[in-house]
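Raw structure-v2.cif, mmCIF, C-alpha atoms:
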```
data_work
#
loop_
_atom_site.label_atom_id
_atom_site.label_comp_id
_atom_site.auth_asym_id
_atom_site.auth_seq_id
_atom_site.Cartn_x
_atom_site.Cartn_y
_atom_site.Cartn_z
CA MET A 1 -8.23 43.78 8.38
CA PRO A 2 -9.84 40.36 7.66
CA VAL A 3 -8.59 38.77 4.47
CA GLY A 4 -10.91 36.54 2.40
CA PRO A 5 -9.85 33.36 0.59
CA ASP A 6 -7.30 34.01 -2.12
CA PRO A 7 -8.82 32.50 -5.31
CA LEU A 8 -5.44 32.04 -6.96
CA ARG A 9 -4.06 30.23 -3.96
CA GLU A 10 -7.19 28.07 -3.71
CA ARG A 11 -6.86 27.11 -7.39
CA ARG A 12 -3.25 26.17 -6.85
CA ALA A 13 -4.38 23.88 -4.04
CA LEU A 14 -5.22 21.13 -6.52
CA GLU A 15 -3.18 22.22 -9.49
CA GLY A 16 0.12 23.76 -8.46
CA PRO A 17 3.22 22.11 -7.07
CA ALA A 18 3.32 21.37 -3.35
CA PRO A 19 6.12 23.19 -1.50
CA ALA A 20 9.35 21.18 -1.67
CA SER A 21 10.11 21.67 2.03
CA LEU A 22 6.72 20.20 2.98
CA GLU A 23 7.22 17.15 0.77
CA VAL A 24 10.72 16.53 2.10
CA GLY A 25 9.45 16.85 5.68
CA LEU A 26 6.61 14.40 5.02
CA GLY A 27 9.09 11.99 3.41
CA HIS A 28 11.23 12.11 6.56
CA ILE A 29 8.19 11.40 8.75
CA LEU A 30 7.25 8.35 6.68
CA GLN A 31 10.78 6.96 6.69
CA LEU A 32 11.46 7.62 10.36
CA GLY A 33 8.08 6.21 11.42
CA THR A 34 8.60 3.10 9.33
CA TYR A 35 12.14 2.42 10.53
CA VAL A 36 11.30 2.92 14.22
CA SER A 37 8.19 0.71 13.89
CA VAL A 38 10.09 -2.00 12.00
CA ALA A 39 12.83 -1.93 14.66
CA LEU A 40 10.21 -2.48 17.40
CA VAL A 41 8.57 -5.33 15.45
CA ALA A 42 12.02 -6.88 14.83
CA ALA A 43 12.77 -6.74 18.57
CA GLY A 44 9.45 -8.48 19.24
CA VAL A 45 10.19 -11.17 16.65
CA ILE A 46 13.64 -11.84 18.13
CA LEU A 47 12.18 -12.13 21.65
CA LEU A 48 9.43 -14.42 20.33
CA LEU A 49 11.79 -16.76 18.46
CA VAL A 50 14.50 -16.81 21.16
CA GLY A 51 11.82 -17.57 23.74
CA GLY A 52 10.73 -20.59 21.70
CA GLY A 53 7.27 -19.19 20.87
CA SER A 54 5.50 -20.13 17.66
CA PRO A 55 4.18 -17.35 15.42
CA LEU A 56 1.27 -19.60 14.46
CA ALA A 57 0.22 -20.38 18.03
CA GLY A 58 -2.03 -17.31 18.14
CA GLY A 59 -0.66 -14.25 19.90
CA PRO A 60 -2.33 -12.28 22.69
CA ALA A 61 -5.18 -9.96 21.73
CA PHE A 62 -4.49 -6.26 21.21
CA ASP A 63 -4.58 -4.49 24.57
CA LEU A 64 -3.22 -0.94 24.45
CA PRO A 65 -2.89 -0.36 28.22
CA ALA A 66 -0.92 -3.61 28.61
CA ILE A 67 1.80 -2.58 26.13
CA PRO A 68 4.07 -0.59 28.56
CA GLY A 69 4.05 -3.43 31.08
CA ASP A 70 4.83 -6.01 28.39
CA ILE A 71 7.75 -3.92 27.17
CA VAL A 72 9.20 -3.47 30.66
CA ALA A 73 8.88 -7.23 31.19
CA LEU A 74 10.53 -7.84 27.75
CA ARG A 75 7.50 -9.80 26.52
CA PRO A 76 7.40 -10.03 22.70
CA ALA A 77 3.74 -8.98 22.50
CA GLY A 78 4.52 -5.48 23.84
CA PHE A 79 7.16 -4.76 21.18
CA LEU A 80 5.08 -6.34 18.40
CA TRP A 81 1.91 -4.40 19.24
CA LEU A 82 3.75 -1.10 19.71
CA GLY A 83 5.51 -1.63 16.37
CA ILE A 84 2.21 -2.48 14.64
CA VAL A 85 0.52 0.59 16.16
CA GLY A 86 3.50 2.64 14.88
CA VAL A 87 3.12 1.17 11.39
CA LEU A 88 -0.59 1.97 11.34
CA SER A 89 -0.13 5.49 12.77
CA THR A 90 2.69 6.67 10.51
CA PRO A 91 0.50 7.48 7.44
CA ALA A 92 -1.99 9.36 9.67
CA ILE A 93 0.85 11.37 11.23
CA ARG A 94 1.97 12.25 7.70
CA VAL A 95 -1.54 13.57 6.92
CA GLY A 96 -1.62 15.56 10.19
CA ARG A 97 1.74 17.15 9.37
CA ALA A 98 0.53 17.95 5.83
CA LEU A 99 -2.57 19.61 7.29
CA LEU A 100 -0.38 21.90 9.44
CA GLY A 101 1.83 22.69 6.44
CA PHE A 102 -1.11 23.61 4.23
CA ALA A 103 -2.72 25.62 7.05
CA ARG A 104 0.48 27.63 7.48
CA ARG A 105 0.29 28.52 3.79
CA GLY A 106 -3.40 29.38 3.98
CA GLU A 107 -4.48 26.69 1.50
CA GLY A 108 -8.03 26.16 2.74
CA ARG A 109 -9.01 23.46 0.26
CA MET A 110 -6.04 21.23 1.07
CA VAL A 111 -6.57 21.80 4.80
CA ALA A 112 -10.18 20.63 4.40
CA ILE A 113 -9.09 17.57 2.41
CA SER A 114 -6.43 16.65 4.99
CA ALA A 115 -8.96 17.10 7.80
CA GLY A 116 -11.41 14.93 5.85
CA VAL A 117 -8.86 12.11 5.59
CA LEU A 118 -8.18 12.29 9.34
CA ALA A 119 -11.94 12.30 10.02
CA VAL A 120 -12.40 9.14 7.94
CA ILE A 121 -9.59 7.43 9.89
CA ALA A 122 -11.36 8.47 13.11
CA VAL A 123 -14.58 6.91 11.77
CA GLY A 124 -12.57 3.72 11.17
CA VAL A 125 -11.46 3.73 14.81
CA ILE A 126 -15.07 4.24 15.96
CA VAL A 127 -16.31 1.43 13.69
CA GLY A 128 -13.63 -0.89 15.09
CA VAL A 129 -14.32 0.04 18.73
CA MET A 130 -18.10 -0.30 18.36
CA ALA A 131 -17.79 -3.75 16.77
CA ARG A 132 -15.54 -5.15 19.53
CA MET B 1 11.64 -21.29 15.84
CA GLU B 2 11.49 -23.13 12.48
CA VAL B 3 8.00 -21.83 11.73
CA GLY B 4 9.12 -18.28 12.53
CA LEU B 5 12.09 -18.56 10.18
CA LEU B 6 9.87 -20.07 7.47
CA LEU B 7 7.45 -17.15 7.84
CA LEU B 8 10.37 -14.74 7.63
CA ALA B 9 11.69 -16.49 4.50
CA GLY B 10 8.22 -16.52 2.94
CA GLY B 11 7.89 -12.81 3.67
CA ILE B 12 11.29 -12.13 2.08
CA ALA B 13 10.24 -14.05 -1.06
CA ALA B 14 6.89 -12.25 -1.26
CA GLY B 15 8.51 -8.84 -0.72
CA ALA B 16 11.26 -9.47 -3.28
CA PHE B 17 8.86 -10.84 -5.93
CA GLY B 18 6.46 -7.97 -5.35
CA SER B 19 9.21 -5.38 -5.60
CA LEU B 20 10.80 -6.95 -8.72
CA LEU B 21 7.47 -7.13 -10.54
CA GLY B 22 6.14 -3.75 -9.45
CA LEU B 23 3.29 -5.25 -7.44
CA GLY B 24 2.53 -4.69 -3.79
CA GLY B 25 3.20 -7.69 -1.61
CA GLY B 26 -0.46 -8.17 -0.69
CA LEU B 27 -1.37 -10.37 -3.62
CA LEU B 28 1.31 -12.81 -2.48
CA ILE B 29 1.15 -12.56 1.30
CA VAL B 30 -2.49 -13.63 1.69
CA PRO B 31 -2.05 -16.86 -0.35
CA LEU B 32 1.29 -17.50 1.39
CA LEU B 33 -0.33 -17.32 4.82
CA THR B 34 -3.53 -19.18 3.96
CA ILE B 35 -2.26 -21.91 1.63
CA GLY B 36 1.29 -22.12 3.00
CA PHE B 37 0.69 -21.70 6.74
CA GLY B 38 -3.00 -22.48 7.20
CA LEU B 39 -4.04 -19.10 8.62
CA PRO B 40 -7.73 -18.16 8.29
CA LEU B 41 -8.25 -15.89 5.28
CA ARG B 42 -9.47 -12.89 7.29
CA GLU B 43 -6.48 -13.08 9.65
CA ALA B 44 -4.15 -13.32 6.65
CA VAL B 45 -5.74 -10.18 5.19
CA GLY B 46 -5.08 -8.30 8.48
CA VAL B 47 -1.41 -9.38 8.48
CA SER B 48 -1.09 -8.49 4.81
CA LEU B 49 -2.41 -4.96 5.43
CA VAL B 50 0.34 -4.38 8.02
CA CYS B 51 3.00 -5.63 5.55
CA VAL B 52 1.63 -3.47 2.74
CA ILE B 53 1.82 -0.33 4.92
CA VAL B 54 5.42 -1.08 5.94
CA THR B 55 6.68 -1.37 2.36
CA SER B 56 4.61 1.48 0.94
CA SER B 57 5.49 3.97 3.70
CA ALA B 58 9.22 3.38 3.30
CA SER B 59 9.14 3.82 -0.48
CA ALA B 60 6.62 6.69 -0.39
CA GLY B 61 9.04 8.58 1.87
CA VAL B 62 11.73 8.31 -0.80
CA TYR B 63 9.29 9.27 -3.59
CA LEU B 64 8.23 12.39 -1.67
CA GLN B 65 11.79 13.48 -1.06
CA ARG B 66 12.58 13.03 -4.77
CA ARG B 67 9.38 14.94 -5.64
CA GLN B 68 8.12 12.04 -7.76
CA ALA B 69 4.76 11.68 -5.99
CA ASN B 70 1.97 14.20 -6.54
CA LEU B 71 1.11 15.02 -2.93
CA ARG B 72 -2.03 17.03 -3.64
CA LEU B 73 -3.56 14.54 -6.05
CA GLY B 74 -2.67 11.70 -3.69
CA MET B 75 -4.37 13.40 -0.76
CA VAL B 76 -7.53 14.16 -2.74
CA LEU B 77 -7.86 10.56 -3.93
CA GLU B 78 -6.92 9.01 -0.61
CA LEU B 79 -9.91 10.73 0.95
CA PHE B 80 -12.05 8.42 -1.20
CA THR B 81 -9.86 5.31 -0.84
CA ALA B 82 -10.04 5.80 2.94
CA ILE B 83 -13.86 5.93 2.82
CA GLY B 84 -13.86 2.73 0.74
CA ALA B 85 -11.43 1.16 3.22
CA VAL B 86 -13.66 1.90 6.23
CA VAL B 87 -16.68 0.41 4.45
CA GLY B 88 -14.59 -2.58 3.33
CA GLY B 89 -13.17 -3.10 6.83
CA ALA B 90 -16.68 -3.10 8.26
CA ILE B 91 -18.17 -5.56 5.75
CA ALA B 92 -15.10 -7.85 5.65
CA PHE B 93 -16.25 -9.33 8.95
CA LEU B 94 -19.77 -9.90 7.62
CA LEU B 95 -18.76 -11.74 4.44
CA ASP B 96 -18.32 -15.48 4.29
CA GLU B 97 -14.64 -16.50 3.94
CA ARG B 98 -15.59 -18.58 0.88
CA MET B 99 -16.82 -15.46 -0.86
CA LEU B 100 -13.57 -13.65 -0.03
CA ALA B 101 -11.61 -16.60 -1.41
CA GLY B 102 -13.67 -16.44 -4.61
CA ILE B 103 -12.97 -12.71 -5.06
CA PHE B 104 -9.29 -13.33 -4.42
CA ALA B 105 -9.21 -16.13 -7.01
CA ALA B 106 -10.79 -13.84 -9.60
CA ILE B 107 -8.29 -11.02 -8.91
CA LEU B 108 -5.34 -13.44 -9.14
CA ALA B 109 -6.62 -14.89 -12.42
CA TYR B 110 -7.01 -11.36 -13.82
CA MET B 111 -3.48 -10.41 -12.71
CA ALA B 112 -2.02 -13.61 -14.21
CA LEU B 113 -3.70 -12.82 -17.56
CA SER B 114 -2.49 -9.20 -17.46
CA MET B 115 1.07 -10.30 -16.76
CA LEU B 116 0.96 -12.88 -19.57
CA ARG B 117 -0.16 -10.15 -21.96
CA GLY B 118 2.67 -7.94 -20.66
CA ALA B 119 5.22 -10.72 -21.12
CA ARG B 120 4.07 -11.26 -24.72
CA ARG B 121 4.30 -7.51 -25.37
CA THR B 122 7.85 -7.16 -24.04
CA ALA B 123 8.94 -10.12 -26.22
CA GLN B 124 8.25 -7.91 -29.26
CA PRO B 125 9.50 -4.35 -29.86
CA PRO B 126 6.73 -2.01 -28.65
CA THR B 127 4.70 -0.01 -31.14
CA PRO B 128 4.26 3.70 -30.37
CA ASP B 129 0.71 3.03 -29.14
CA GLU B 130 1.86 0.32 -26.76
CA ALA B 131 4.67 2.46 -25.46
CA SER B 132 2.25 5.21 -24.57
CA THR B 133 -0.05 2.88 -22.62
CA ALA B 134 2.60 0.90 -20.76
CA THR B 135 1.40 -0.74 -17.57
CA ASP B 136 2.91 -0.70 -14.11
CA GLU B 137 4.72 -3.97 -14.73
CA ASP B 138 6.30 -2.64 -17.92
CA GLN B 139 7.92 0.08 -15.92
CA VAL B 140 9.99 -2.49 -14.05
CA ASP B 141 11.56 -3.70 -17.28
CA ALA B 142 12.61 -0.24 -18.29
CA GLU B 143 16.14 0.93 -17.66
CA PRO B 144 16.27 3.36 -14.76
CA ASP B 145 16.14 6.87 -16.14
CA ASP B 146 17.82 9.49 -13.99
CA ASP B 147 15.89 12.33 -15.61
CA ALA B 148 12.57 10.59 -15.07
CA ARG B 149 13.47 9.72 -11.51
CA THR B 150 13.99 13.34 -10.61
CA VAL B 151 10.94 14.61 -12.50
CA ASP B 152 8.87 17.15 -10.58
CA ALA B 153 5.65 15.24 -10.03
CA ASP B 154 3.37 18.23 -9.76
CA ALA B 155 4.91 19.93 -12.74
CA ALA B 156 4.48 16.70 -14.72
CA THR B 157 0.71 17.06 -14.62
CA LEU B 158 0.79 20.65 -15.90
CA GLY B 159 -1.08 21.06 -19.17
CA LEU B 160 -3.46 18.19 -18.38
CA ARG B 161 -5.59 20.11 -15.91
CA PRO B 162 -8.89 20.52 -17.80
CA VAL B 163 -9.11 16.78 -18.60
CA PHE B 164 -7.78 15.98 -15.18
CA LEU B 165 -10.42 17.98 -13.32
CA SER B 166 -13.36 16.87 -15.49
CA ARG B 167 -12.52 13.22 -14.75
CA MET B 168 -12.20 13.65 -11.00
CA PRO B 169 -15.74 12.36 -10.23
CA PHE B 170 -14.94 9.08 -11.99
CA ALA B 171 -11.58 8.97 -10.21
CA ALA B 172 -13.33 9.46 -6.87
CA VAL B 173 -15.67 6.52 -7.47
CA ALA B 174 -12.83 4.29 -8.68
CA SER B 175 -10.80 5.28 -5.60
CA LEU B 176 -13.69 4.17 -3.39
CA GLY B 177 -13.49 0.80 -5.17
CA ALA B 178 -9.73 0.64 -4.62
CA GLY B 179 -10.22 1.23 -0.90
CA LEU B 180 -12.91 -1.43 -0.74
CA ALA B 181 -10.71 -3.99 -2.56
CA SER B 182 -7.78 -3.16 -0.29
CA ALA B 183 -9.81 -3.76 2.88
CA LEU B 184 -11.41 -6.99 1.66
CA LEU B 185 -8.30 -8.57 0.14
CA GLY B 186 -5.36 -7.09 2.08
CA ILE B 187 -3.83 -5.49 -0.99
CA GLY B 188 -2.56 -1.95 -1.51
CA GLY B 189 -4.97 -1.27 -4.36
CA GLY B 190 -2.25 -0.13 -6.77
CA ILE B 191 -3.72 -2.41 -9.46
CA ILE B 192 -6.65 0.05 -9.58
CA LYS B 193 -4.97 3.33 -8.61
CA VAL B 194 -2.03 3.27 -11.02
CA PRO B 195 -4.12 2.66 -14.20
CA LEU B 196 -6.70 5.15 -12.89
CA MET B 197 -4.18 7.97 -12.56
CA HIS B 198 -2.17 7.07 -15.64
CA LEU B 199 -4.88 6.16 -18.15
CA VAL B 200 -7.87 8.16 -16.86
CA LEU B 201 -6.28 11.27 -15.33
CA GLY B 202 -3.33 11.39 -17.73
CA VAL B 203 -0.70 11.45 -14.99
CA PRO B 204 2.73 10.13 -16.11
CA LEU B 205 3.29 6.48 -15.22
CA ARG B 206 6.20 7.03 -12.84
CA VAL B 207 4.29 9.75 -11.01
CA SER B 208 1.19 7.51 -10.86
CA THR B 209 3.21 4.67 -9.33
CA ALA B 210 4.82 6.99 -6.77
CA THR B 211 1.50 8.66 -5.89
CA SER B 212 -0.22 5.27 -5.57
CA ASN B 213 2.51 4.23 -3.14
CA LEU B 214 1.84 7.34 -1.09
CA MET B 215 -1.90 6.60 -0.99
CA VAL B 216 -1.48 2.94 -0.02
CA GLY B 217 -0.42 3.89 3.51
CA ILE B 218 -3.68 5.71 4.30
CA THR B 219 -5.85 3.23 2.39
CA ALA B 220 -4.43 0.18 4.16
CA SER B 221 -4.06 1.77 7.60
CA THR B 222 -7.68 2.93 7.65
CA SER B 223 -8.97 -0.62 7.20
CA ALA B 224 -6.13 -2.13 9.27
CA VAL B 225 -7.34 -0.08 12.26
CA VAL B 226 -10.76 -1.75 11.91
CA TYR B 227 -9.07 -5.18 11.70
CA LEU B 228 -6.84 -4.37 14.70
CA LEU B 229 -9.71 -3.30 16.95
CA ARG B 230 -11.88 -6.27 15.90
CA GLY B 231 -9.13 -8.78 16.67
CA GLY B 232 -8.35 -9.44 13.00
CA ILE B 233 -4.56 -9.00 13.33
CA ASP B 234 -2.37 -11.63 14.96
CA ALA B 235 0.79 -9.87 16.18
CA TYR B 236 2.76 -13.15 16.35
CA ALA B 237 2.08 -13.99 12.71
CA ALA B 238 2.36 -10.36 11.54
CA GLY B 239 5.82 -9.76 13.08
CA PRO B 240 8.02 -12.22 11.14
CA THR B 241 5.99 -11.74 7.95
CA ALA B 242 6.29 -7.94 8.03
CA ILE B 243 10.02 -8.05 8.73
CA GLY B 244 10.48 -10.56 5.90
CA VAL B 245 8.48 -8.46 3.44
CA PHE B 246 10.45 -5.34 4.44
CA ILE B 247 13.79 -7.11 3.85
CA GLY B 248 12.53 -8.71 0.63
CA ALA B 249 11.25 -5.44 -0.83
CA SER B 250 14.58 -3.72 -0.06
CA LEU B 251 16.46 -6.64 -1.67
CA GLY B 252 14.20 -6.62 -4.71
CA SER B 253 14.79 -2.94 -5.39
CA ARG B 254 18.56 -3.51 -5.24
CA ILE B 255 18.81 -6.64 -7.44
CA GLY B 256 16.08 -5.67 -9.92
CA HIS B 257 18.49 -4.68 -12.69
CA ARG B 258 20.35 -8.03 -12.50
CA VAL B 259 17.32 -10.30 -12.83
CA ASP B 260 15.76 -11.66 -16.05
CA LEU B 261 12.32 -10.23 -15.44
CA ARG B 262 10.70 -12.04 -18.38
CA LEU B 263 11.54 -15.42 -16.90
CA LEU B 264 10.58 -14.25 -13.42
CA ARG B 265 7.25 -12.97 -14.71
CA LEU B 266 6.42 -16.33 -16.32
CA LEU B 267 7.32 -18.13 -13.11
CA PHE B 268 5.15 -15.71 -11.22
CA VAL B 269 2.21 -16.26 -13.58
CA ALA B 270 2.47 -20.00 -12.87
CA VAL B 271 2.44 -19.31 -9.10
CA MET B 272 -0.58 -17.02 -9.44
CA VAL B 273 -2.51 -19.54 -11.57
CA TYR B 274 -1.84 -22.26 -8.98
CA THR B 275 -2.87 -19.90 -6.16
CA ALA B 276 -6.02 -18.82 -8.02
CA VAL B 277 -7.01 -22.49 -8.45
CA GLU B 278 -6.37 -23.18 -4.75
CA MET B 279 -8.45 -20.14 -3.74
CA ALA B 280 -11.23 -21.15 -6.13
CA ARG B 281 -11.23 -24.64 -4.58
CA ARG B 282 -11.64 -23.07 -1.15
CA ALA B 283 -14.46 -20.89 -2.42
CA LEU B 284 -16.27 -23.87 -3.94
CA GLU B 285 -15.27 -26.24 -1.10
CA ILE B 286 -13.95 -28.82 -3.53
#
```

Rewrite the structure from the file as structure tokens, please.
Amino acid sequence: MPVGPDPLRERRALEGPAPASLEVGLGHILQLGTYVSVALVAAGVILLLVGGGSPLAGGPAFDLPAIPGDIVALRPAGFLWLGIVGVLSTPAIRVGRALLGFARRGEGRMVAISAGVLAVIAVGVIVGVMAR
Amino acid sequence: MEVGLLLLAGGIAAGAFGSLLGLGGGLLIVPLLTIGFGLPLREAVGVSLVCVIVTSSASAGVYLQRRQANLRLGMVLELFTAIGAVVGGAIAFLLDERMLAGIFAAILAYMALSMLRGARRTAQPPTPDEASTATDEDQVDAEPDDDARTVDADAATLGLRPVFLSRMPFAAVASLGAGLASALLGIGGGIIKVPLMHLVLGVPLRVSTATSNLMVGITASTSAVVYLLRGGIDAYAAGPTAIGVFIGASLGSRIGHRVDLRLLRLLFVAVMVYTAVEMARRALEI
């Protein structure tokens, strides 16, 4: 039997406490994403400084397909760009995980808000790509 | 090598100062990179956004696990800060750098004045009115309170709902402004979001600070994506600065209780006034 939106649950979407397990999980995602990204950036910085490069000389432009090759060749740019992409992606991954958590609990309003945030980020990507 | 180590050291100083004074690092990183290292302002803003995300994501993770941040409120408001950030990221490349420098000078001058007022207030015993409207910076001076640290953020807003919901339209517009400011100036936007949640929505100060931290990640990353794809982020300059800011922010949170914050705040006001003057000179091409 189809079940309509639960008004009580919908009201709690903005007002009630978020489930503790969801918050703890999101906290882990933020911390793990940050530490992994910072470790990659740190590796890139070490390679850059050991190789005698200057941080103010102007690094190579962002080129996503070139990152794996740069990493295999131990070029600092690969590690730096992958770390920066990780830094920028971590908050969006947190929102995506929150969306799944709210969907599992049937909280339609919070699912829509999470989807809205992800849609705005996607618009940002489109704006950036179109202006290149 | 020397320049890289200097950038790292500058990042550590900016991160530690920002953490000790309850500010994001953005207000310090942009002047550090432009005045100290000669980077173009727009490039410095791109690097600053990366640094701001690093520090805010790490601390927001802790706040979420301790249930200090209000996840639902944060997600509602970050929808609007993200829209402001996309718009800001798009127009940042259309604005003249002199105009950006002028806006930055005005924000720094405002922050210096606010901190001076705060320093004067903490020199005297607070009246009940002042205690109830304490600012973000005041929170840093307070002794850590274990009960407050473990407060349930969502439960803390219980009882304020009718006011809270009726003021959401204003909060949405102000959040758009916070996103715009973040994208144009490379800051987290906490200087708008914390007073907005605390004073307008009636959210407790500690919860407002934690929730603002949570929102900074989405706000800054939305505009940082625009900067990244438009070539506004230099990975070589961003790397050492971000690592420095990360180390500095961690250090700041550990040594905060041992530092005379009143003296530090006055020193910081002097730095901000000098930086505001330098930015104003750039804006006016003097």

Residues matched by the PyMOL selection byres ((chain B) within 7 of (chain A)) as a PyMOL selection string: chain B and resi 1+3-4+53-54+57-58+60-62+64-65+71-73+75-76+79+82-83+86+154-155+217-218+221-223+225-226+229-231+234-237+239-240+243

Counting all atoms listed in the file, which residue out of B:Gly190, B:Gly84, B:Pro31, B:Gly248 sits closest to Val173 (chain B)?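 Smallest separation from Val173 (chain B) among the options: B:Gly84.
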
For the provided coordinates, the residues matched by the PyMOL selection byres ((chain B and resi 200) around 9) should be stated as a PyMOL selection string. chain B and resi 163-164+167+170-171+195-199+201-203

Between CA of Met279 (chain B) and CA of Phe37 (chain B), measure the distance and give it in Å to one decimal. 14.0 Å

Set the distance at 9 Å and use all atoms listed in the file: which residues neighbour region 106-119 of chain B once local chain neighbours fewer than 5 positions away are removed? I'd like the list as a CSV table (one decimal) with C-alpha atoms, keeping the file's coordinate frame.
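This went into selection.csv:
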```csv
chain,number,residue,atom,x,y,z
B,27,LEU,CA,-1.4,-10.4,-3.6
B,101,ALA,CA,-11.6,-16.6,-1.4
B,134,ALA,CA,2.6,0.9,-20.8
B,135,THR,CA,1.4,-0.7,-17.6
B,137,GLU,CA,4.7,-4.0,-14.7
B,138,ASP,CA,6.3,-2.6,-17.9
B,191,ILE,CA,-3.7,-2.4,-9.5
B,262,ARG,CA,10.7,-12.0,-18.4
B,263,LEU,CA,11.5,-15.4,-16.9
B,265,ARG,CA,7.2,-13.0,-14.7
B,266,LEU,CA,6.4,-16.3,-16.3
B,268,PHE,CA,5.2,-15.7,-11.2
B,269,VAL,CA,2.2,-16.3,-13.6
B,270,ALA,CA,2.5,-20.0,-12.9
B,271,VAL,CA,2.4,-19.3,-9.1
B,272,MET,CA,-0.6,-17.0,-9.4
B,273,VAL,CA,-2.5,-19.5,-11.6
B,275,THR,CA,-2.9,-19.9,-6.2
B,276,ALA,CA,-6.0,-18.8,-8.0
B,277,VAL,CA,-7.0,-22.5,-8.4
B,279,MET,CA,-8.4,-20.1,-3.7
B,280,ALA,CA,-11.2,-21.2,-6.1
```

Which residues fall under the PyMOL selection byres ((chain B and resi 244) around 9) in this file, as number ranges by chain? B: 7-15, 51, 239-243, 245-249

For Ile187 (chain B), work out the shell of residues within 12 Å, counting all atoms listed in the file and skipping chain neighbours fewer than 3 positions away, then give it as a PDB file with C-alpha atoms, keeping the file's coordinate frame.
```
ATOM      1  CA  GLY B  18       6.460  -7.970  -5.350  1.00  0.00           C
ATOM      2  CA  LEU B  23       3.290  -5.250  -7.440  1.00  0.00           C
ATOM      3  CA  GLY B  24       2.530  -4.690  -3.790  1.00  0.00           C
ATOM      4  CA  GLY B  25       3.200  -7.690  -1.610  1.00  0.00           C
ATOM      5  CA  GLY B  26      -0.460  -8.170  -0.690  1.00  0.00           C
ATOM      6  CA  LEU B  27      -1.370 -10.370  -3.620  1.00  0.00           C
ATOM      7  CA  LEU B  28       1.310 -12.810  -2.480  1.00  0.00           C
ATOM      8  CA  ILE B  29       1.150 -12.560   1.300  1.00  0.00           C
ATOM      9  CA  VAL B  30      -2.490 -13.630   1.690  1.00  0.00           C
ATOM     10  CA  PRO B  31      -2.050 -16.860  -0.350  1.00  0.00           C
ATOM     11  CA  ALA B  44      -4.150 -13.320   6.650  1.00  0.00           C
ATOM     12  CA  VAL B  45      -5.740 -10.180   5.190  1.00  0.00           C
ATOM     13  CA  GLY B  46      -5.080  -8.300   8.480  1.00  0.00           C
ATOM     14  CA  VAL B  47      -1.410  -9.380   8.480  1.00  0.00           C
ATOM     15  CA  SER B  48      -1.090  -8.490   4.810  1.00  0.00           C
ATOM     16  CA  LEU B  49      -2.410  -4.960   5.430  1.00  0.00           C
ATOM     17  CA  VAL B  50       0.340  -4.380   8.020  1.00  0.00           C
ATOM     18  CA  CYS B  51       3.000  -5.630   5.550  1.00  0.00           C
ATOM     19  CA  VAL B  52       1.630  -3.470   2.740  1.00  0.00           C
ATOM     20  CA  ILE B  53       1.820  -0.330   4.920  1.00  0.00           C
ATOM     21  CA  THR B  55       6.680  -1.370   2.360  1.00  0.00           C
ATOM     22  CA  SER B  56       4.610   1.480   0.940  1.00  0.00           C
ATOM     23  CA  ALA B  85     -11.430   1.160   3.220  1.00  0.00           C
ATOM     24  CA  GLY B  88     -14.590  -2.580   3.330  1.00  0.00           C
ATOM     25  CA  PHE B 104      -9.290 -13.330  -4.420  1.00  0.00           C
ATOM     26  CA  ILE B 107      -8.290 -11.020  -8.910  1.00  0.00           C
ATOM     27  CA  LEU B 108      -5.340 -13.440  -9.140  1.00  0.00           C
ATOM     28  CA  ALA B 178      -9.730   0.640  -4.620  1.00  0.00           C
ATOM     29  CA  GLY B 179     -10.220   1.230  -0.900  1.00  0.00           C
ATOM     30  CA  LEU B 180     -12.910  -1.430  -0.740  1.00  0.00           C
ATOM     31  CA  ALA B 181     -10.710  -3.990  -2.560  1.00  0.00           C
ATOM     32  CA  SER B 182      -7.780  -3.160  -0.290  1.00  0.00           C
ATOM     33  CA  ALA B 183      -9.810  -3.760   2.880  1.00  0.00           C
ATOM     34  CA  LEU B 184     -11.410  -6.990   1.660  1.00  0.00           C
ATOM     35  CA  GLY B 190      -2.250  -0.130  -6.770  1.00  0.00           C
ATOM     36  CA  ILE B 191      -3.720  -2.410  -9.460  1.00  0.00           C
ATOM     37  CA  ILE B 192      -6.650   0.050  -9.580  1.00  0.00           C
ATOM     38  CA  LYS B 193      -4.970   3.330  -8.610  1.00  0.00           C
ATOM     39  CA  ASN B 213       2.510   4.230  -3.140  1.00  0.00           C
ATOM     40  CA  VAL B 216      -1.480   2.940  -0.020  1.00  0.00           C
ATOM     41  CA  GLY B 217      -0.420   3.890   3.510  1.00  0.00           C
ATOM     42  CA  THR B 219      -5.850   3.230   2.390  1.00  0.00           C
ATOM     43  CA  ALA B 220      -4.430   0.180   4.160  1.00  0.00           C
ATOM     44  CA  SER B 221      -4.060   1.770   7.600  1.00  0.00           C
ATOM     45  CA  SER B 223      -8.970  -0.620   7.200  1.00  0.00           C
ATOM     46  CA  ALA B 224      -6.130  -2.130   9.270  1.00  0.00           C
TER      47      ALA B 224
END
```

For each of B:Arg67, B:Gly177, B:Ala283, B:Glu278, take the minimum atom-to-atom distance to Gly36 (chain B), counting all atoms listed in the file, then give the residue where this is smallest. B:Glu278

How many Å separate CA of Phe102 (chain A) from CA of Thr209 (chain B)? 23.7 Å

With only C-alpha atoms as the counted atoms, please give the residues lying no more than 6 Å from Gly252 (chain B), apart from itself and same-chain residues fewer than 4 positions off, as a list in words.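 Skipping anything fewer than 4 positions along the chain leaves Ala16, Ser19, Leu20, Gly248 and Gly256 of chain B.
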
Interatomic distance, CA of Gly89 (chain B) to CA of Leu214 (chain B) (Å, one decimal): 19.9 Å

Box for region 188-196 of chain B: with edges along x, y and z, all listed atoms inside and 5 Å added on each side, what are the centre and edge lengths in Å to one decimal, as lines of an AutoDock Vina configuration file?
```
center_x = -4.4
center_y = 1.4
center_z = -7.9
size_x = 14.7
size_y = 17.6
size_z = 22.7
```
